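J.: Sharing work-v6.cif below, mmCIF, C-alpha atoms:
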```
data_start
#
loop_
_atom_site.label_atom_id
_atom_site.label_comp_id
_atom_site.auth_asym_id
_atom_site.auth_seq_id
_atom_site.Cartn_x
_atom_site.Cartn_y
_atom_site.Cartn_z
CA MET C 230 152.36 -6.35 -114.91
CA PRO C 231 155.94 -6.66 -116.21
CA ALA C 232 156.43 -9.87 -118.15
CA ILE C 233 159.45 -10.94 -116.10
CA GLY C 234 159.56 -10.90 -112.33
CA LEU C 235 161.98 -12.19 -109.72
CA GLY C 236 160.69 -15.19 -107.81
CA VAL C 237 161.85 -15.74 -104.22
CA PHE C 238 160.49 -19.24 -103.55
CA GLN C 239 162.68 -20.95 -100.92
CA THR C 240 165.04 -17.98 -100.84
CA PRO C 241 166.21 -17.66 -97.23
CA ALA C 242 165.10 -14.47 -95.56
CA ASP C 243 168.67 -13.26 -95.11
CA GLU C 244 169.36 -13.69 -98.86
CA THR C 245 166.06 -12.29 -100.09
CA ARG C 246 166.92 -8.66 -99.44
CA SER C 247 170.12 -8.79 -101.50
CA ALA C 248 168.49 -10.80 -104.32
CA VAL C 249 165.62 -8.33 -104.64
CA ALA C 250 168.06 -5.42 -104.46
CA ALA C 251 170.12 -6.92 -107.29
CA ALA C 252 166.99 -7.50 -109.37
CA LEU C 253 165.70 -3.96 -108.94
CA SER C 254 169.14 -2.58 -109.75
CA THR C 255 169.20 -4.69 -112.92
CA GLY C 256 165.85 -3.37 -114.09
CA TYR C 257 163.26 -5.81 -112.77
CA ARG C 258 160.06 -4.10 -111.67
CA HIS C 259 158.09 -7.17 -110.62
CA ILE C 260 158.71 -9.25 -107.48
CA ASP C 261 156.80 -12.46 -106.70
CA THR C 262 156.65 -13.71 -103.12
CA ALA C 263 154.14 -15.52 -100.89
CA ALA C 264 153.02 -15.67 -97.29
CA ALA C 265 154.24 -19.26 -97.10
CA TYR C 266 157.76 -18.31 -98.26
CA GLY C 267 158.46 -16.47 -95.02
CA ASN C 268 160.29 -13.61 -96.75
CA GLU C 269 157.64 -10.98 -97.49
CA ARG C 270 159.18 -8.63 -94.93
CA GLU C 271 162.59 -8.77 -96.62
CA VAL C 272 161.00 -8.18 -100.03
CA GLY C 273 159.34 -5.06 -98.69
CA ASP C 274 162.57 -3.88 -97.06
CA ALA C 275 164.51 -4.25 -100.31
CA ILE C 276 161.89 -2.37 -102.31
CA ARG C 277 161.94 0.53 -99.86
CA ASP C 278 165.73 0.55 -99.70
CA SER C 279 165.92 0.70 -103.52
CA GLY C 280 164.69 4.29 -103.56
CA LEU C 281 162.19 3.44 -106.31
CA ALA C 282 158.72 4.88 -106.08
CA ARG C 283 156.16 2.40 -104.77
CA ASP C 284 154.16 2.64 -108.00
CA ASP C 285 157.24 1.62 -110.01
CA VAL C 286 157.44 -1.89 -108.51
CA PHE C 287 154.75 -4.54 -109.10
CA VAL C 288 154.37 -6.63 -105.95
CA GLU C 289 152.74 -10.05 -106.15
CA THR C 290 152.08 -12.32 -103.17
CA LYS C 291 149.96 -15.34 -102.30
CA VAL C 292 147.55 -16.43 -99.57
CA TRP C 293 148.37 -19.84 -98.10
CA ILE C 294 145.66 -22.53 -97.69
CA SER C 295 145.79 -22.23 -93.90
CA ASP C 296 144.26 -18.76 -94.27
CA TYR C 297 141.41 -19.74 -96.62
CA GLY C 298 137.86 -18.71 -95.77
CA TYR C 299 136.29 -15.29 -96.17
CA ASP C 300 137.32 -13.59 -92.91
CA GLU C 301 140.57 -15.52 -92.73
CA THR C 302 141.64 -14.37 -96.19
CA LEU C 303 140.76 -10.76 -95.44
CA HIS C 304 143.09 -11.03 -92.45
CA ALA C 305 145.72 -12.75 -94.60
CA PHE C 306 145.85 -9.57 -96.68
CA ASP C 307 146.53 -7.57 -93.51
CA LYS C 308 149.37 -9.92 -92.59
CA SER C 309 151.00 -9.78 -96.01
CA ALA C 310 150.53 -6.03 -96.46
CA GLY C 311 151.97 -5.44 -92.99
CA LYS C 312 155.07 -7.50 -93.69
CA LEU C 313 155.54 -5.96 -97.13
CA GLY C 314 155.01 -2.50 -95.67
CA VAL C 315 152.45 -1.51 -98.30
CA GLU C 316 148.87 -0.32 -98.24
CA GLN C 317 147.97 -1.85 -101.59
CA ILE C 318 149.16 -5.12 -103.16
CA ASP C 319 149.40 -5.20 -106.95
CA LEU C 320 148.44 -8.86 -107.39
CA LEU C 321 147.11 -11.13 -104.64
CA ILE C 322 146.50 -14.75 -105.52
CA LEU C 323 145.40 -17.98 -103.86
CA HIS C 324 148.49 -20.19 -103.59
CA GLN C 325 146.76 -23.52 -104.21
CA ALA C 326 143.33 -24.94 -104.75
CA LEU C 327 142.10 -26.87 -101.71
CA PRO C 328 140.18 -29.73 -103.34
CA SER C 329 139.28 -31.33 -100.00
CA ASP C 330 137.38 -28.15 -99.02
CA PHE C 331 136.74 -26.24 -102.20
CA GLU C 332 133.99 -24.21 -100.56
CA LYS C 333 136.69 -22.68 -98.36
CA THR C 334 138.70 -21.95 -101.53
CA GLN C 335 135.69 -20.18 -103.03
CA GLU C 336 135.19 -18.15 -99.85
CA ALA C 337 138.85 -17.14 -99.97
CA TYR C 338 138.41 -15.97 -103.55
CA ARG C 339 135.29 -14.04 -102.57
CA ALA C 340 137.47 -12.22 -100.04
CA LEU C 341 139.93 -11.37 -102.83
CA GLU C 342 137.03 -9.91 -104.80
CA LYS C 343 136.12 -7.76 -101.77
CA LEU C 344 139.71 -6.55 -101.45
CA LEU C 345 139.69 -5.70 -105.16
CA ALA C 346 136.42 -3.79 -104.89
CA ASP C 347 137.79 -1.85 -101.91
CA GLY C 348 140.97 -0.92 -103.80
CA ARG C 349 143.25 -2.74 -101.38
CA VAL C 350 144.56 -4.91 -104.23
CA ARG C 351 144.91 -3.95 -107.88
CA SER C 352 144.31 -7.42 -109.29
CA ILE C 353 143.54 -10.94 -108.09
CA GLY C 354 144.30 -14.44 -109.29
CA VAL C 355 145.10 -18.03 -108.46
CA SER C 356 148.03 -20.43 -108.54
CA ASN C 357 148.28 -24.15 -109.27
CA PHE C 358 144.62 -24.34 -110.32
CA MET C 359 143.76 -27.08 -112.78
CA VAL C 360 140.89 -26.90 -115.29
CA GLU C 361 138.43 -28.49 -112.87
CA HIS C 362 139.34 -25.96 -110.18
CA LEU C 363 139.04 -23.03 -112.56
CA THR C 364 135.71 -24.32 -113.87
CA ALA C 365 134.26 -24.63 -110.37
CA LEU C 366 135.64 -21.25 -109.35
CA LEU C 367 134.18 -19.46 -112.37
CA GLU C 368 130.72 -20.86 -111.63
CA LYS C 369 130.52 -18.57 -108.58
CA ALA C 370 133.18 -15.90 -109.11
CA ALA C 371 132.18 -12.37 -110.01
CA VAL C 372 135.69 -11.53 -111.22
CA VAL C 373 137.71 -13.73 -113.57
CA PRO C 374 141.22 -14.36 -112.16
CA ALA C 375 143.77 -12.17 -113.89
CA VAL C 376 146.50 -14.79 -113.52
CA ASN C 377 146.96 -18.51 -112.96
CA GLN C 378 150.52 -19.19 -111.81
CA ILE C 379 151.44 -22.81 -112.57
CA GLU C 380 154.48 -25.05 -112.92
CA LEU C 381 155.44 -24.63 -116.56
CA HIS C 382 158.73 -25.32 -118.32
CA PRO C 383 159.82 -27.25 -121.42
CA TYR C 384 159.42 -30.61 -119.65
CA PHE C 385 155.94 -29.88 -118.22
CA GLN C 386 153.73 -27.57 -120.24
CA GLN C 387 150.16 -28.06 -118.95
CA ARG C 388 148.66 -27.23 -122.33
CA GLU C 389 145.08 -27.97 -121.29
CA VAL C 390 145.34 -25.50 -118.39
CA GLN C 391 146.97 -22.91 -120.63
CA ALA C 392 144.26 -23.29 -123.27
CA PHE C 393 141.48 -22.94 -120.70
CA GLY C 394 143.12 -19.82 -119.33
CA ALA C 395 143.46 -18.29 -122.79
CA GLN C 396 139.80 -19.05 -123.52
CA HIS C 397 138.72 -17.18 -120.39
CA GLY C 398 141.22 -14.32 -120.45
CA ILE C 399 143.40 -15.69 -117.64
CA LEU C 400 147.12 -15.01 -118.11
CA THR C 401 149.38 -18.02 -117.57
CA GLN C 402 152.33 -17.23 -115.32
CA ALA C 403 155.10 -19.83 -115.19
CA TRP C 404 156.79 -20.79 -111.97
CA SER C 405 159.98 -22.82 -112.34
CA PRO C 406 160.09 -21.45 -115.91
CA ILE C 407 163.53 -22.90 -116.64
CA GLY C 408 162.65 -26.25 -115.07
CA GLY C 409 164.58 -25.89 -111.83
CA ILE C 410 162.18 -28.26 -110.13
CA THR C 411 163.25 -31.04 -112.53
CA PHE C 412 166.98 -30.86 -111.87
CA TYR C 413 166.94 -33.87 -109.55
CA ARG C 414 165.65 -36.23 -112.24
CA ASP C 415 167.55 -39.25 -113.48
CA GLY C 416 167.83 -39.95 -117.17
CA GLN C 417 169.68 -39.05 -120.33
CA HIS C 418 170.17 -35.51 -119.07
CA THR C 419 169.79 -34.22 -115.55
CA SER C 420 168.00 -30.98 -116.28
CA THR C 421 166.54 -28.69 -118.89
CA LEU C 422 169.78 -26.70 -118.70
CA GLN C 423 171.58 -29.73 -120.13
CA ASP C 424 168.97 -30.63 -122.72
CA PRO C 425 170.76 -31.02 -126.10
CA ILE C 426 167.96 -29.42 -128.13
CA ILE C 427 167.81 -26.38 -125.87
CA GLY C 428 171.61 -26.29 -125.91
CA ASP C 429 171.73 -26.24 -129.71
CA ILE C 430 169.25 -23.38 -129.84
CA ALA C 431 171.22 -21.49 -127.21
CA ARG C 432 174.45 -21.83 -129.21
CA ALA C 433 172.69 -20.66 -132.34
CA HIS C 434 171.77 -17.41 -130.59
CA ASP C 435 174.92 -17.13 -128.47
CA ARG C 436 172.72 -17.26 -125.40
CA SER C 437 172.42 -19.46 -122.33
CA PRO C 438 169.86 -22.29 -122.13
CA ALA C 439 168.06 -20.36 -119.40
CA GLN C 440 167.72 -17.32 -121.64
CA VAL C 441 166.35 -19.48 -124.46
CA MET C 442 163.71 -20.99 -122.18
CA LEU C 443 162.64 -17.60 -120.84
CA ARG C 444 162.43 -16.27 -124.39
CA TRP C 445 160.29 -19.30 -125.34
CA HIS C 446 157.81 -18.36 -122.60
CA LEU C 447 157.70 -14.71 -123.54
CA GLN C 448 157.08 -15.39 -127.24
CA ALA C 449 154.24 -17.70 -126.24
CA GLY C 450 152.65 -14.83 -124.29
CA ARG C 451 153.34 -16.07 -120.79
CA SER C 452 154.59 -14.24 -117.71
CA VAL C 453 157.69 -15.70 -116.01
CA ILE C 454 159.17 -15.44 -112.53
CA PRO C 455 162.64 -17.03 -112.61
CA LYS C 456 164.38 -17.42 -109.27
CA SER C 457 168.03 -16.80 -108.44
CA THR C 458 170.06 -15.28 -105.65
CA LYS C 459 173.17 -14.70 -107.80
CA PRO C 460 173.41 -11.16 -109.24
CA GLN C 461 175.00 -12.40 -112.46
CA ARG C 462 172.24 -14.97 -113.04
CA ILE C 463 169.56 -12.47 -112.08
CA ALA C 464 170.92 -10.08 -114.73
CA GLU C 465 171.25 -12.86 -117.33
CA ASN C 466 167.63 -13.91 -116.83
CA PHE C 467 166.49 -10.35 -117.52
CA ASP C 468 168.54 -9.99 -120.71
CA VAL C 469 166.06 -11.71 -123.02
CA PHE C 470 164.39 -8.90 -124.92
CA ASP C 471 166.82 -8.40 -127.81
CA PHE C 472 166.62 -11.74 -129.63
CA GLU C 473 163.85 -13.93 -131.02
CA LEU C 474 163.43 -17.66 -131.50
CA ALA C 475 162.42 -18.92 -134.94
CA GLY C 476 159.18 -20.82 -135.36
CA ASP C 477 160.94 -24.18 -135.72
CA GLN C 478 162.93 -23.49 -132.55
CA MET C 479 159.72 -22.75 -130.64
CA ASP C 480 158.25 -25.98 -132.00
CA ALA C 481 161.34 -27.97 -130.97
CA ILE C 482 161.02 -26.78 -127.37
CA ASP C 483 157.27 -27.43 -127.42
CA ALA C 484 158.08 -31.04 -128.39
CA LEU C 485 160.10 -31.60 -125.19
CA ASP C 486 157.02 -31.92 -122.99
CA THR C 487 157.17 -35.08 -120.84
CA ASP C 488 153.87 -34.42 -119.01
CA ARG C 489 155.72 -35.15 -115.75
CA ARG C 490 154.96 -32.78 -112.91
CA GLY C 491 157.82 -31.77 -110.64
CA GLY C 492 155.77 -30.17 -107.87
CA PRO C 493 153.07 -31.76 -105.72
CA GLU C 494 149.93 -33.12 -107.33
CA PRO C 495 147.09 -30.61 -106.91
CA THR C 496 144.84 -33.38 -105.60
CA ALA C 497 147.34 -34.01 -102.78
CA ILE C 498 146.93 -30.54 -101.28
CA THR C 499 145.19 -30.86 -97.91
CA LEU C 500 145.34 -28.87 -94.70
CA GLU C 501 146.47 -32.00 -92.90
CA SER C 502 149.49 -32.43 -95.15
CA PHE C 503 150.33 -28.87 -96.11
CA GLY C 504 148.74 -26.59 -93.52
CA ARG C 505 151.04 -24.26 -91.61
CA ASP C 506 150.52 -21.22 -89.44
CA ILE C 507 151.30 -17.93 -91.16
CA PRO C 508 152.68 -15.49 -88.56
CA GLU C 509 151.12 -12.13 -87.91
CA ALA C 510 152.77 -9.02 -89.29
#
```
Would you mind writing the file out in structure tokens?
T.:
Amino acid sequence: MPAIGLGVFQTPADETRSAVAAALSTGYRHIDTAAAYGNEREVGDAIRDSGLARDDVFVETKVWISDYGYDETLHAFDKSAGKLGVEQIDLLILHQALPSDFEKTQEAYRALEKLLADGRVRSIGVSNFMVEHLTALLEKAAVVPAVNQIELHPYFQQREVQAFGAQHGILTQAWSPIGGITFYRDGQHTSTLQDPIIGDIARAHDRSPAQVMLRWHLQAGRSVIPKSTKPQRIAENFDVFDFELAGDQMDAIDALDTDRRGGPEPTAITLESFGRDIPEA
């Protein structure tokens, strides 16, 4: 799996095709989408229109909680694969834990294991799983998740979840890797992009704050899926392989953790609050 992918969370369907096209033209070979984003079809269209061979693009998507359960999740694969226009998905993950019905979560993961065994997916994983969710999952799982995609940026680092993943061979993949979900916050600075420590490091390398944060993730061994619809920003986010942060600079960013989550609390995820119908292909 390429270390950097393009994320298309909340990217409108009509903008997704052009964003993915720009990313693939830039050199990205990893696209992250989800059934709940409503833009899998446009992701698939852009990949086909790119002229790249199917095997050259790593496609990652997610099953929404409304489709959890063994048979339901098997059908969720059919829906996503149909919209993407592919026979095999490179990485299929569960979008959230469902703490109010974790047995249904486990049955959904068992379906992922079946899809893996049948060769319909190349790898399987989870997203937004906390240590307690991972612990319970591993008690019954036959296959360790390849990936746990979680909110992770300088202001919210989830070190306990990262450490548990590392202990069990689960790669941490950061969503909102430059802290976009924090931009609404009040305080001394409005976002990670305006953080003075990150800004100083960026100036020292003649790079943007976003590039510094993405480099911080990569040097820590994480996968990242930054989101943008602007071709210039998409290209900038990919241009992070020819410089390196010093140890004290890595430590300075590590020290910015506020332990404040920007996304929903995992315990708040219920079908009543977050359930939605995922259309057929």
J.: On this structure, which residues satisfy the PyMOL selection byres ((chain C and resi 492) around 9), written as a list in words?
T.: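 With the shown file as input, the PyMOL selection byres ((chain C and resi 492) around 9) matches Glu380, Ile410, Thr411, Arg490, Gly491, Pro493, Glu494 and Pro495 of chain C.
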J.: Where does the PyMOL selection byres ((chain C and resi 437) around 12) land in this file, that is, which residues does it pick, as a list in words?
T.: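 Applied to this file, the PyMOL selection byres ((chain C and resi 437) around 12) returns Ile407, Thr421, Leu422, Gln423, Asp424, Ile427, Gly428, Asp429, Ile430, Ala431, Arg432, Ala433, His434, Asp435, Arg436, Pro438, Ala439, Gln440, Val441, Met442, Leu443, Arg444, Arg462, Glu465, Asn466, Phe467, Asp468 and Val469 of chain C.
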J.: So which one's closest to Pro383 in chain C, C:Leu447, C:Ile276, C:Ala481, C:Ile260? Using only C-alpha atoms, please.
T.: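 Closest residue, counting only C-alpha atoms: C:Ala481.
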J.: For a test of reading the model, state the distance in Å between CA of Asp480 in chain C and CA of Ala449 in chain C, rounded to one decimal.
T.: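 These two atoms are separated by 10.9 Å.
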J.: Suppose a student applies the PyMOL selection byres ((chain C and resi 236) around 10) to this structure; what residues should they get, written as a short mmCIF file (atom, residue, chain, number, x, y, z; two decimals) with C-alpha atoms, keeping the file's coordinate frame?
T.:
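Final output, saved to selection.cif:
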```cif
data_model
loop_
_atom_site.label_atom_id
_atom_site.label_comp_id
_atom_site.auth_asym_id
_atom_site.auth_seq_id
_atom_site.Cartn_x
_atom_site.Cartn_y
_atom_site.Cartn_z
CA ILE C 233 159.45 -10.94 -116.10
CA GLY C 234 159.56 -10.90 -112.33
CA LEU C 235 161.98 -12.19 -109.72
CA VAL C 237 161.85 -15.74 -104.22
CA PHE C 238 160.49 -19.24 -103.55
CA GLN C 239 162.68 -20.95 -100.92
CA THR C 240 165.04 -17.98 -100.84
CA THR C 245 166.06 -12.29 -100.09
CA ALA C 248 168.49 -10.80 -104.32
CA VAL C 249 165.62 -8.33 -104.64
CA HIS C 259 158.09 -7.17 -110.62
CA ILE C 260 158.71 -9.25 -107.48
CA ASP C 261 156.80 -12.46 -106.70
CA THR C 262 156.65 -13.71 -103.12
CA ALA C 263 154.14 -15.52 -100.89
CA GLU C 289 152.74 -10.05 -106.15
CA TRP C 404 156.79 -20.79 -111.97
CA SER C 405 159.98 -22.82 -112.34
CA VAL C 453 157.69 -15.70 -116.01
CA ILE C 454 159.17 -15.44 -112.53
CA PRO C 455 162.64 -17.03 -112.61
CA LYS C 456 164.38 -17.42 -109.27
CA SER C 457 168.03 -16.80 -108.44
CA THR C 458 170.06 -15.28 -105.65
#
```
J.: Between C:Ala403, C:Ala337, C:Ala264, C:Ala326, single out the one closest to Ala232 in chain C, counting all atoms listed in the file.
T.: C:Ala403
J.: With a distance cut-off of 7 Å and only C-alpha atoms, select the neighbouring residues of Asp319 in chain C, excluding the residue or stretch itself and same-chain residues fewer than 3 positions from it, and output the selection as a list in words.
T.: Phe287, Val288, Glu289, Val350, Arg351 and Ser352 of chain C
J.: Can those selected residues be exported to a file as a PDB file, keeping the file's coordinate frame so that it contains C-alpha atoms?
T.:
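Final output, saved to again-v3.pdb:
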```pdb
ATOM      1  CA  PHE C 287     154.750  -4.540-109.100  1.00  0.00           C
ATOM      2  CA  VAL C 288     154.370  -6.630-105.950  1.00  0.00           C
ATOM      3  CA  GLU C 289     152.740 -10.050-106.150  1.00  0.00           C
ATOM      4  CA  VAL C 350     144.560  -4.910-104.230  1.00  0.00           C
ATOM      5  CA  ARG C 351     144.910  -3.950-107.880  1.00  0.00           C
ATOM      6  CA  SER C 352     144.310  -7.420-109.290  1.00  0.00           C
TER       7      SER C 352
END
```
J.: Let me make sure I understand: among C:Glu336, C:Glu271, C:Glu301, C:Asp285, which one has the smallest atom-to-atom distance to Gly314 in chain C if we use only C-alpha atoms?
T.: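 With only C-alpha atoms as the atom set, the closest residue is C:Glu271.
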J.: For each of C:Ser502, C:Gln386, C:Ser420, C:Gln461, take the minimum atom-to-atom distance to His446 in chain C, counting only C-alpha atoms, then give the residue where this is smallest.
T.: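 Ranked by minimum distance to His446 in chain C, first place goes to C:Gln386.
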J.: Between CA of Thr302 in chain C and CA of Leu341 in chain C, what is the distance in Å, rounded to a tenth?
T.: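 So the answer is 7.5 Å.
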J.: Identify, on the basis of only C-alpha atoms, every residue whose closest approach to Leu500 in chain C does not exceed 9 Å; exclude the query and any residue fewer than 5 positions from it along the same chain; express the result as a list in words.
T.: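 Answer for this query is Ile294, Ser295, Leu327, Ser329 and Arg505 of chain C.
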J.: Could you check which of C:Ile379, C:Ala282, C:Ala310, C:Ala275 is closest to Glu509 in chain C, using all atoms listed in the file?
T.: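 Of C:Ile379, C:Ala282, C:Ala310, C:Ala275, the one nearest Glu509 in chain C is C:Ala310, counting all atoms listed in the file.
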J.: Record the distance separating CA of Phe306 in chain C and CA of Val292 in chain C, expressed in Å with one decimal.
T.: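 Computed distance, CA of Phe306 in chain C to CA of Val292 in chain C, equals 7.6 Å.
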J.: Ranking C:Leu345, C:Ala340, C:Val390, C:Ala484 by minimum distance to Met359 in chain C and counting only C-alpha atoms, which one comes first?
T.: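 Ranking C:Leu345, C:Ala340, C:Val390, C:Ala484 by distance to Met359 in chain C, first place goes to C:Val390.
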J.: Name the residues in contact with Ala252 in chain C at a cut-off of 8 Å, using only C-alpha atoms, excluding same-chain residues fewer than 4 positions from it; report them as a PyMOL selection string.
T.: chain C and resi 235+248+256-257+460+463-464
